[in-house]
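What follows is a single structure, written as structure tokens, with notes after it.
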Amino acid sequence: MQYRTLGHTGVQVGSLALGAMNFGSIGRTTQDEATAIVDAALEAGINLIDTADMYGAGESEEMVGKAIAGRRDDIVLATKAGMPMGEERNHRGGSRRWLVTALDDSLRRLGVDHVDLYQIHRWDPSTGDEETLSALTDLRRAGKIRYFGSSTFPAHRIVQAQWAAREHRLGRYVTEQPSYSILQRGIESHVLPVTEEYGLGVLVWSPLASGWLSGAVREGRAVTTSRSAFMPERFDLTVPGNRVRLDAVERLAAVADEAGLTMIQLALGFVTAHPAVTSALIGPRTLDHLHAQLAAAGTVLPADVLDAIDEIVAPGTDLAPHEKFDTPPALLDPSLRRR
């Protein structure tokens with residue numbers, strides 16, 4: 001395992017980190033299986049575990065808490081808040097009212113008295129930066145969190161939050177957690193230059209592009225990934241955009257074969273090669289998945305392989321832009337761009 005400094009925090013984390021979204025009902029993972037995955041990940045040198053309150057409506061946090069019991073201090077523990085937690089309209093977002101409650105709920109589920117990194121799961125356009133940053137700063141002063149960060153923020157909102165922190169003399173986001181893979185490279189043109197400018201640590205999610213880069217999606221083969229079961233439209237190969245992705249995957253597979261790498265090694269080696277990226281979050285459902293992904297921990301792609309990838313998917317290009325989660329709200333809701 002390679003280790004890198006998380007932004008300017010001084011905290012050392014592995015180039016691979018364990019994402020716990022699949023723990024519980026989402027990934028059909030039992031507590032025993034989740035604990036075994038955590039055990040194996042820690043044994044392999046992973047030291048950051050990332051979860052969120054909305055994963056399984058709190059189930060993932062509970063399972064992570066049980067899996068790390070007795071060894072909390074050896075783990076950089078991260079969770080997130082802001083996504084809806086039920087139908088109540090105020091049980092979501094970035095308000096002080098909700099974040100204080102949401103963090104207490106997360107700490108109870110995790111069975112700990114603090115988390116190392118508390119992240120705002122999505123930018124909340126209805127809440128001002130000062131409101132959110134003020135609440136997070138107070139929670140840090142109370143000792144309930146050590147650092148706080150953002151997740152899937154558009155580049156301009158990352159910049160605005162940094163300026164708001166400076167203007168109001170508040171704590172600032174020290175990390176960003178964006179989606180990044182060979183097939184989704186858009187953040188190279190906007191988000192990653194901003195995180196480098198402000199010295200943010202970057203924890204990238206979906207480096208295997210929801211299974212497209214796992215080796216399981218190939219021409220002439222039935223798609224049986226877990227994601228395809230509840231997001232079939234993203235894997236429907238009659239859709240032209242998905243055909244474009246499949247064509248890219250086939251060409252990438254040839255590059256991997258020639259380099260003597262698995263598709264997973266190629267995919268994870270690619271995202272961790274970017275100088276702005278601190279860690280790639282892997283989200284295994286099984287021990288076999290974990291071991292296949294851990295095999296990429298020491299992968300360093302040579303320049304000719306990185307150049308070959310650039311020829312297949314150009315830098316800064318998203319092959320599935322409609323699946324992005326950082327699109328400005330006005331582009332999705334016509335009422336926001338009409339007088």
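In the structure tokens, the first chain shown is A, the next is B, and so on; residue numbers restart at 1 for each chain, and ligands run from 1 in the order shown.
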Open item on the list: Would you pick out the contacts of Leu294 of chain A at 10 Å or less, using only C-alpha atoms, so that residues sharing its chain but fewer than 2 positions from it are not included, and give the list as a PyMOL selection string?
Closed with: chain A and resi 1+16-17+40-41+44-46+264-265+268+282+288-292+296-299
Open item on the list: Can you pull out every residue from segment 207-313 of chain A that DSSP, working from the backbone, puts in helix (DSSP H, G or I), and format the result as number ranges by chain?
Closed with: A: 209-211, 226-230, 232-234, 240-259, 263-273, 287-294, 303-312
How close does each residue of segment 221-287 of chain A get to segment 47-65 of chain A, giving the shortest atom pair and distance in Å to one decimal for every residue with an atom at most 10 Å away, counting only C-alpha atoms, sorted by chain and residue number, as a tab-separated table?
residue	atom	partner	partner_atom	distance
A:Ser279	CA	A:Leu48	CA	9.1
A:Leu281	CA	A:Asp50	CA	7.9
A:Ile282	CA	A:Asp50	CA	9.6
A:Gly283	CA	A:Asp50	CA	9.5
Please dump the current selection as a PDB file, in the first residue's frame; keep all heavy atoms.
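Writing done, so here's part22.pdb:
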ATOM      1  N   SER A 279      -6.699   9.293  -2.588  1.00  0.00           N
ATOM      2  CA  SER A 279      -7.090   7.885  -2.473  1.00  0.00           C
ATOM      3  C   SER A 279      -8.247   7.580  -3.401  1.00  0.00           C
ATOM      4  O   SER A 279      -9.067   8.457  -3.703  1.00  0.00           O
ATOM      5  CB  SER A 279      -7.533   7.549  -1.034  1.00  0.00           C
ATOM      6  OG  SER A 279      -6.542   7.855  -0.092  1.00  0.00           O
ATOM      7  N   LEU A 281     -11.588   5.271  -3.541  1.00  0.00           N
ATOM      8  CA  LEU A 281     -12.497   4.507  -2.683  1.00  0.00           C
ATOM      9  C   LEU A 281     -12.970   3.264  -3.419  1.00  0.00           C
ATOM     10  O   LEU A 281     -13.555   3.363  -4.506  1.00  0.00           O
ATOM     11  CB  LEU A 281     -13.700   5.364  -2.297  1.00  0.00           C
ATOM     12  CG  LEU A 281     -13.422   6.481  -1.287  1.00  0.00           C
ATOM     13  CD1 LEU A 281     -14.529   7.508  -1.322  1.00  0.00           C
ATOM     14  CD2 LEU A 281     -13.267   5.906   0.111  1.00  0.00           C
ATOM     15  N   ILE A 282     -12.711   2.109  -2.847  1.00  0.00           N
ATOM     16  CA  ILE A 282     -13.219   0.860  -3.404  1.00  0.00           C
ATOM     17  C   ILE A 282     -14.386   0.395  -2.547  1.00  0.00           C
ATOM     18  O   ILE A 282     -14.393   0.598  -1.335  1.00  0.00           O
ATOM     19  CB  ILE A 282     -12.114  -0.219  -3.480  1.00  0.00           C
ATOM     20  CG1 ILE A 282     -11.503  -0.488  -2.100  1.00  0.00           C
ATOM     21  CG2 ILE A 282     -11.024   0.203  -4.472  1.00  0.00           C
ATOM     22  CD1 ILE A 282     -10.504  -1.632  -2.076  1.00  0.00           C
ATOM     23  N   GLY A 283     -15.392  -0.209  -3.184  1.00  0.00           N
ATOM     24  CA  GLY A 283     -16.600  -0.597  -2.460  1.00  0.00           C
ATOM     25  C   GLY A 283     -16.971  -2.049  -2.674  1.00  0.00           C
ATOM     26  O   GLY A 283     -18.020  -2.341  -3.249  1.00  0.00           O
TER      27      GLY A 283
END
Which residues are near Trp123 of chain A? Cut-off 9 Å, only C-alpha atoms, ignore same chain within fewer than 3 positions. Put them as a PDB file with C-alpha atoms, in the first residue's frame.
ATOM      1  CA  GLY A  82     -26.937  15.951   3.821  1.00  0.00           C
ATOM      2  CA  GLY A  93     -29.425  19.430   3.684  1.00  0.00           C
ATOM      3  CA  GLY A  94     -26.712  21.575   5.217  1.00  0.00           C
ATOM      4  CA  ILE A 120     -21.348  17.252   3.186  1.00  0.00           C
ATOM      5  CA  SER A 126     -30.995  26.162  -0.255  1.00  0.00           C
ATOM      6  CA  THR A 127     -28.423  26.695   2.502  1.00  0.00           C
ATOM      7  CA  SER A 150     -17.326  18.253   0.671  1.00  0.00           C
ATOM      8  CA  SER A 151     -18.546  15.548  -1.684  1.00  0.00           C
ATOM      9  CA  THR A 152     -19.433  15.910  -5.355  1.00  0.00           C
ATOM     10  CA  PHE A 153     -19.415  19.704  -5.248  1.00  0.00           C
ATOM     11  CA  PRO A 154     -19.199  21.612  -8.545  1.00  0.00           C
ATOM     12  CA  ARG A 157     -19.031  25.813  -5.176  1.00  0.00           C
ATOM     13  CA  ASP A 326     -22.411  17.845  -9.765  1.00  0.00           C
TER      14      ASP A 326
END
- [ ] Tell me which of A:Leu183, A:Tyr198, A:Gly241, A:Arg221 sits closest to Ala267 of chain A, counting only C-alpha atoms.
- [x]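 Smallest distance to Ala267 of chain A is found for A:Leu183.
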TODO: Could you find all residues in segment 175-328 of chain A that DSSP calls strand (DSSP E) from the backbone, and write them as a VMD selection string?
DONE: chain A and resid 175 to 177 201 to 204 279 to 282
Task: Coordinates-based distance that separates atom CA of His322 of chain A from atom CA of Lys80 of chain A (Å, one decimal) - done: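 Distance between the two atoms: 23.7 Å.
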Open item on the list: Quick one: residues within 6 Å of segment 312-320 of chain A, only C-alpha atoms, excluding same-chain residues fewer than 3 positions away - as a ChimeraX atom specification?
Closed with: /A:183-186,188-189,309,323
Task: Counting only C-alpha atoms, the residue of A:Arg89, A:Arg122, A:Arg108, A:His156 that sits nearest Lys144 of chain A - done: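 Comparing A:Arg89, A:Arg122, A:Arg108, A:His156 against Lys144 of chain A, the winner is A:Arg108.
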Open item on the list: Just to confirm, what's the straight-line distance from atom CA of Leu200 of chain A to atom CA of His114 of chain A in Å (one decimal)?
Closed with: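 About the pair atom CA of Leu200 of chain A and atom CA of His114 of chain A: they are 21.3 Å apart.
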TODO: Just give me the gap between atom CA of Asn90 of chain A and atom CA of Ser25 of chain A in Å, one decimal is fine.
DONE: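 About the pair atom CA of Asn90 of chain A and atom CA of Ser25 of chain A: they are 24.7 Å apart.
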Open item on the list: So that I can check the surroundings of Ile187 of chain A, please list as a ChimeraX atom specification every protein, DNA and RNA residue that reaches within 8 Å of it, counting only C-alpha atoms and ignoring chain neighbours fewer than 5 positions away.
Closed with: /A:178,180,192,316
Convert the current residue selection to file output with C-alpha atoms, as a short mmCIF file (atom, residue, chain, number, x, y, z; two decimals), in the first residue's frame.
data_model
loop_
_atom_site.label_atom_id
_atom_site.label_comp_id
_atom_site.auth_asym_id
_atom_site.auth_seq_id
_atom_site.Cartn_x
_atom_site.Cartn_y
_atom_site.Cartn_z
CA PRO A 178 -15.78 13.47 -6.49
CA TYR A 180 -13.71 9.87 -11.17
CA LEU A 192 -9.17 18.76 -9.80
CA GLY A 316 -11.49 15.98 -19.35
#
TODO: Measuring atom to atom with only C-alpha atoms, identify which of A:Val244, A:Leu6, A:Ala164, A:Ala295 is nearest to Glu219 of chain A.
DONE: A:Val244
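For the set A:Arg169, A:Arg71, A:Ile26, A:Pro275, the residue with the smallest atom-to-atom gap to Thr137 of chain A is A:Arg169, counting only C-alpha atoms.
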Open item on the list: So, with only C-alpha atoms as the atoms that count, which of A:Leu136, A:Leu252, A:Val174, A:Ala102 lies closest to Val11 of chain A?
Closed with: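 Ranking A:Leu136, A:Leu252, A:Val174, A:Ala102 by distance to Val11 of chain A, first place goes to A:Val174.
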Ser134 of chain A: which residues within 12 Å, counting only C-alpha atoms, same-chain residues fewer than 6 positions away excluded, as a PDB file with N, CA, C and O atoms, in the first residue's frame?
ATOM      1  N   GLY A  94     -27.886  21.092   4.504  1.00  0.00           N
ATOM      2  CA  GLY A  94     -26.712  21.575   5.217  1.00  0.00           C
ATOM      3  C   GLY A  94     -26.989  22.590   6.302  1.00  0.00           C
ATOM      4  O   GLY A  94     -26.086  23.339   6.689  1.00  0.00           O
ATOM      5  N   SER A  95     -28.219  22.610   6.827  1.00  0.00           N
ATOM      6  CA  SER A  95     -28.528  23.563   7.894  1.00  0.00           C
ATOM      7  C   SER A  95     -27.885  23.133   9.209  1.00  0.00           C
ATOM      8  O   SER A  95     -27.628  21.955   9.441  1.00  0.00           O
ATOM      9  N   ARG A  96     -27.652  24.117  10.084  1.00  0.00           N
ATOM     10  CA  ARG A  96     -27.140  23.796  11.424  1.00  0.00           C
ATOM     11  C   ARG A  96     -28.107  22.849  12.143  1.00  0.00           C
ATOM     12  O   ARG A  96     -27.674  21.884  12.791  1.00  0.00           O
ATOM     13  N   ARG A  97     -29.383  23.140  12.031  1.00  0.00           N
ATOM     14  CA  ARG A  97     -30.404  22.330  12.712  1.00  0.00           C
ATOM     15  C   ARG A  97     -30.246  20.856  12.365  1.00  0.00           C
ATOM     16  O   ARG A  97     -30.318  19.992  13.251  1.00  0.00           O
ATOM     17  N   LEU A  99     -27.518  19.285  10.655  1.00  0.00           N
ATOM     18  CA  LEU A  99     -26.176  18.700  10.780  1.00  0.00           C
ATOM     19  C   LEU A  99     -25.854  18.310  12.216  1.00  0.00           C
ATOM     20  O   LEU A  99     -25.219  17.271  12.455  1.00  0.00           O
ATOM     21  N   VAL A 100     -26.284  19.117  13.175  1.00  0.00           N
ATOM     22  CA  VAL A 100     -26.036  18.770  14.582  1.00  0.00           C
ATOM     23  C   VAL A 100     -26.739  17.470  14.939  1.00  0.00           C
ATOM     24  O   VAL A 100     -26.165  16.576  15.572  1.00  0.00           O
ATOM     25  N   THR A 127     -29.100  26.300   1.266  1.00  0.00           N
ATOM     26  CA  THR A 127     -28.423  26.695   2.502  1.00  0.00           C
ATOM     27  C   THR A 127     -27.142  27.447   2.174  1.00  0.00           C
ATOM     28  O   THR A 127     -26.339  26.980   1.358  1.00  0.00           O
ATOM     29  N   GLY A 128     -26.935  28.593   2.821  1.00  0.00           N
ATOM     30  CA  GLY A 128     -25.742  29.391   2.583  1.00  0.00           C
ATOM     31  C   GLY A 128     -24.490  28.735   3.130  1.00  0.00           C
ATOM     32  O   GLY A 128     -24.530  27.983   4.108  1.00  0.00           O
ATOM     33  N   ARG A 140     -16.514  20.844  15.133  1.00  0.00           N
ATOM     34  CA  ARG A 140     -15.083  20.533  15.265  1.00  0.00           C
ATOM     35  C   ARG A 140     -14.554  21.033  16.604  1.00  0.00           C
ATOM     36  O   ARG A 140     -13.813  20.329  17.305  1.00  0.00           O
ATOM     37  N   ARG A 141     -14.950  22.231  16.979  1.00  0.00           N
ATOM     38  CA  ARG A 141     -14.518  22.776  18.267  1.00  0.00           C
ATOM     39  C   ARG A 141     -15.034  21.940  19.431  1.00  0.00           C
ATOM     40  O   ARG A 141     -14.377  21.830  20.482  1.00  0.00           O
ATOM     41  N   PHE A 148     -13.496  18.535   8.215  1.00  0.00           N
ATOM     42  CA  PHE A 148     -14.704  18.387   7.403  1.00  0.00           C
ATOM     43  C   PHE A 148     -14.393  18.662   5.935  1.00  0.00           C
ATOM     44  O   PHE A 148     -13.414  19.334   5.594  1.00  0.00           O
ATOM     45  N   ALA A 161     -17.029  28.153  -1.289  1.00  0.00           N
ATOM     46  CA  ALA A 161     -16.943  27.749   0.119  1.00  0.00           C
ATOM     47  C   ALA A 161     -15.603  28.146   0.731  1.00  0.00           C
ATOM     48  O   ALA A 161     -15.532  28.509   1.913  1.00  0.00           O
ATOM     49  N   ALA A 164     -15.920  31.813   1.420  1.00  0.00           N
ATOM     50  CA  ALA A 164     -16.827  32.056   2.543  1.00  0.00           C
ATOM     51  C   ALA A 164     -16.133  31.773   3.872  1.00  0.00           C
ATOM     52  O   ALA A 164     -16.304  32.504   4.851  1.00  0.00           O
ATOM     53  N   ALA A 165     -15.335  30.698   3.905  1.00  0.00           N
ATOM     54  CA  ALA A 165     -14.604  30.375   5.130  1.00  0.00           C
ATOM     55  C   ALA A 165     -13.634  31.496   5.489  1.00  0.00           C
ATOM     56  O   ALA A 165     -13.506  31.889   6.660  1.00  0.00           O
ATOM     57  N   ARG A 166     -12.956  32.031   4.475  1.00  0.00           N
ATOM     58  CA  ARG A 166     -12.008  33.109   4.725  1.00  0.00           C
ATOM     59  C   ARG A 166     -12.731  34.388   5.161  1.00  0.00           C
ATOM     60  O   ARG A 166     -12.318  35.046   6.124  1.00  0.00           O
ATOM     61  N   GLU A 167     -13.807  34.721   4.474  1.00  0.00           N
ATOM     62  CA  GLU A 167     -14.525  35.958   4.762  1.00  0.00           C
ATOM     63  C   GLU A 167     -15.115  35.972   6.161  1.00  0.00           C
ATOM     64  O   GLU A 167     -15.093  36.992   6.857  1.00  0.00           O
ATOM     65  N   HIS A 168     -15.646  34.814   6.594  1.00  0.00           N
ATOM     66  CA  HIS A 168     -16.326  34.756   7.891  1.00  0.00           C
ATOM     67  C   HIS A 168     -15.449  34.159   8.989  1.00  0.00           C
ATOM     68  O   HIS A 168     -15.925  33.909  10.099  1.00  0.00           O
ATOM     69  N   ARG A 169     -14.186  33.899   8.651  1.00  0.00           N
ATOM     70  CA  ARG A 169     -13.222  33.355   9.613  1.00  0.00           C
ATOM     71  C   ARG A 169     -13.722  32.053  10.237  1.00  0.00           C
ATOM     72  O   ARG A 169     -13.749  31.895  11.464  1.00  0.00           O
ATOM     73  N   LEU A 170     -14.098  31.151   9.360  1.00  0.00           N
ATOM     74  CA  LEU A 170     -14.593  29.839   9.771  1.00  0.00           C
ATOM     75  C   LEU A 170     -13.647  28.754   9.286  1.00  0.00           C
ATOM     76  O   LEU A 170     -12.781  28.995   8.441  1.00  0.00           O
ATOM     77  N   GLY A 171     -13.828  27.541   9.836  1.00  0.00           N
ATOM     78  CA  GLY A 171     -13.085  26.420   9.321  1.00  0.00           C
ATOM     79  C   GLY A 171     -13.461  26.161   7.871  1.00  0.00           C
ATOM     80  O   GLY A 171     -14.551  26.538   7.419  1.00  0.00           O
ATOM     81  N   ARG A 172     -12.571  25.518   7.128  1.00  0.00           N
ATOM     82  CA  ARG A 172     -12.822  25.298   5.715  1.00  0.00           C
ATOM     83  C   ARG A 172     -12.835  23.812   5.383  1.00  0.00           C
ATOM     84  O   ARG A 172     -12.299  22.986   6.125  1.00  0.00           O
ATOM     85  N   TYR A 173     -13.440  23.507   4.253  1.00  0.00           N
ATOM     86  CA  TYR A 173     -13.376  22.144   3.754  1.00  0.00           C
ATOM     87  C   TYR A 173     -11.921  21.807   3.422  1.00  0.00           C
ATOM     88  O   TYR A 173     -11.230  22.581   2.752  1.00  0.00           O
TER      89      TYR A 173
END
Task: Residue nearest Asp247 of chain A among A:Val217, A:Leu261, A:Ile145, A:Val277 (counting only C-alpha atoms) - done: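 The shortest atom-to-atom distance to Asp247 of chain A comes from A:Val217.
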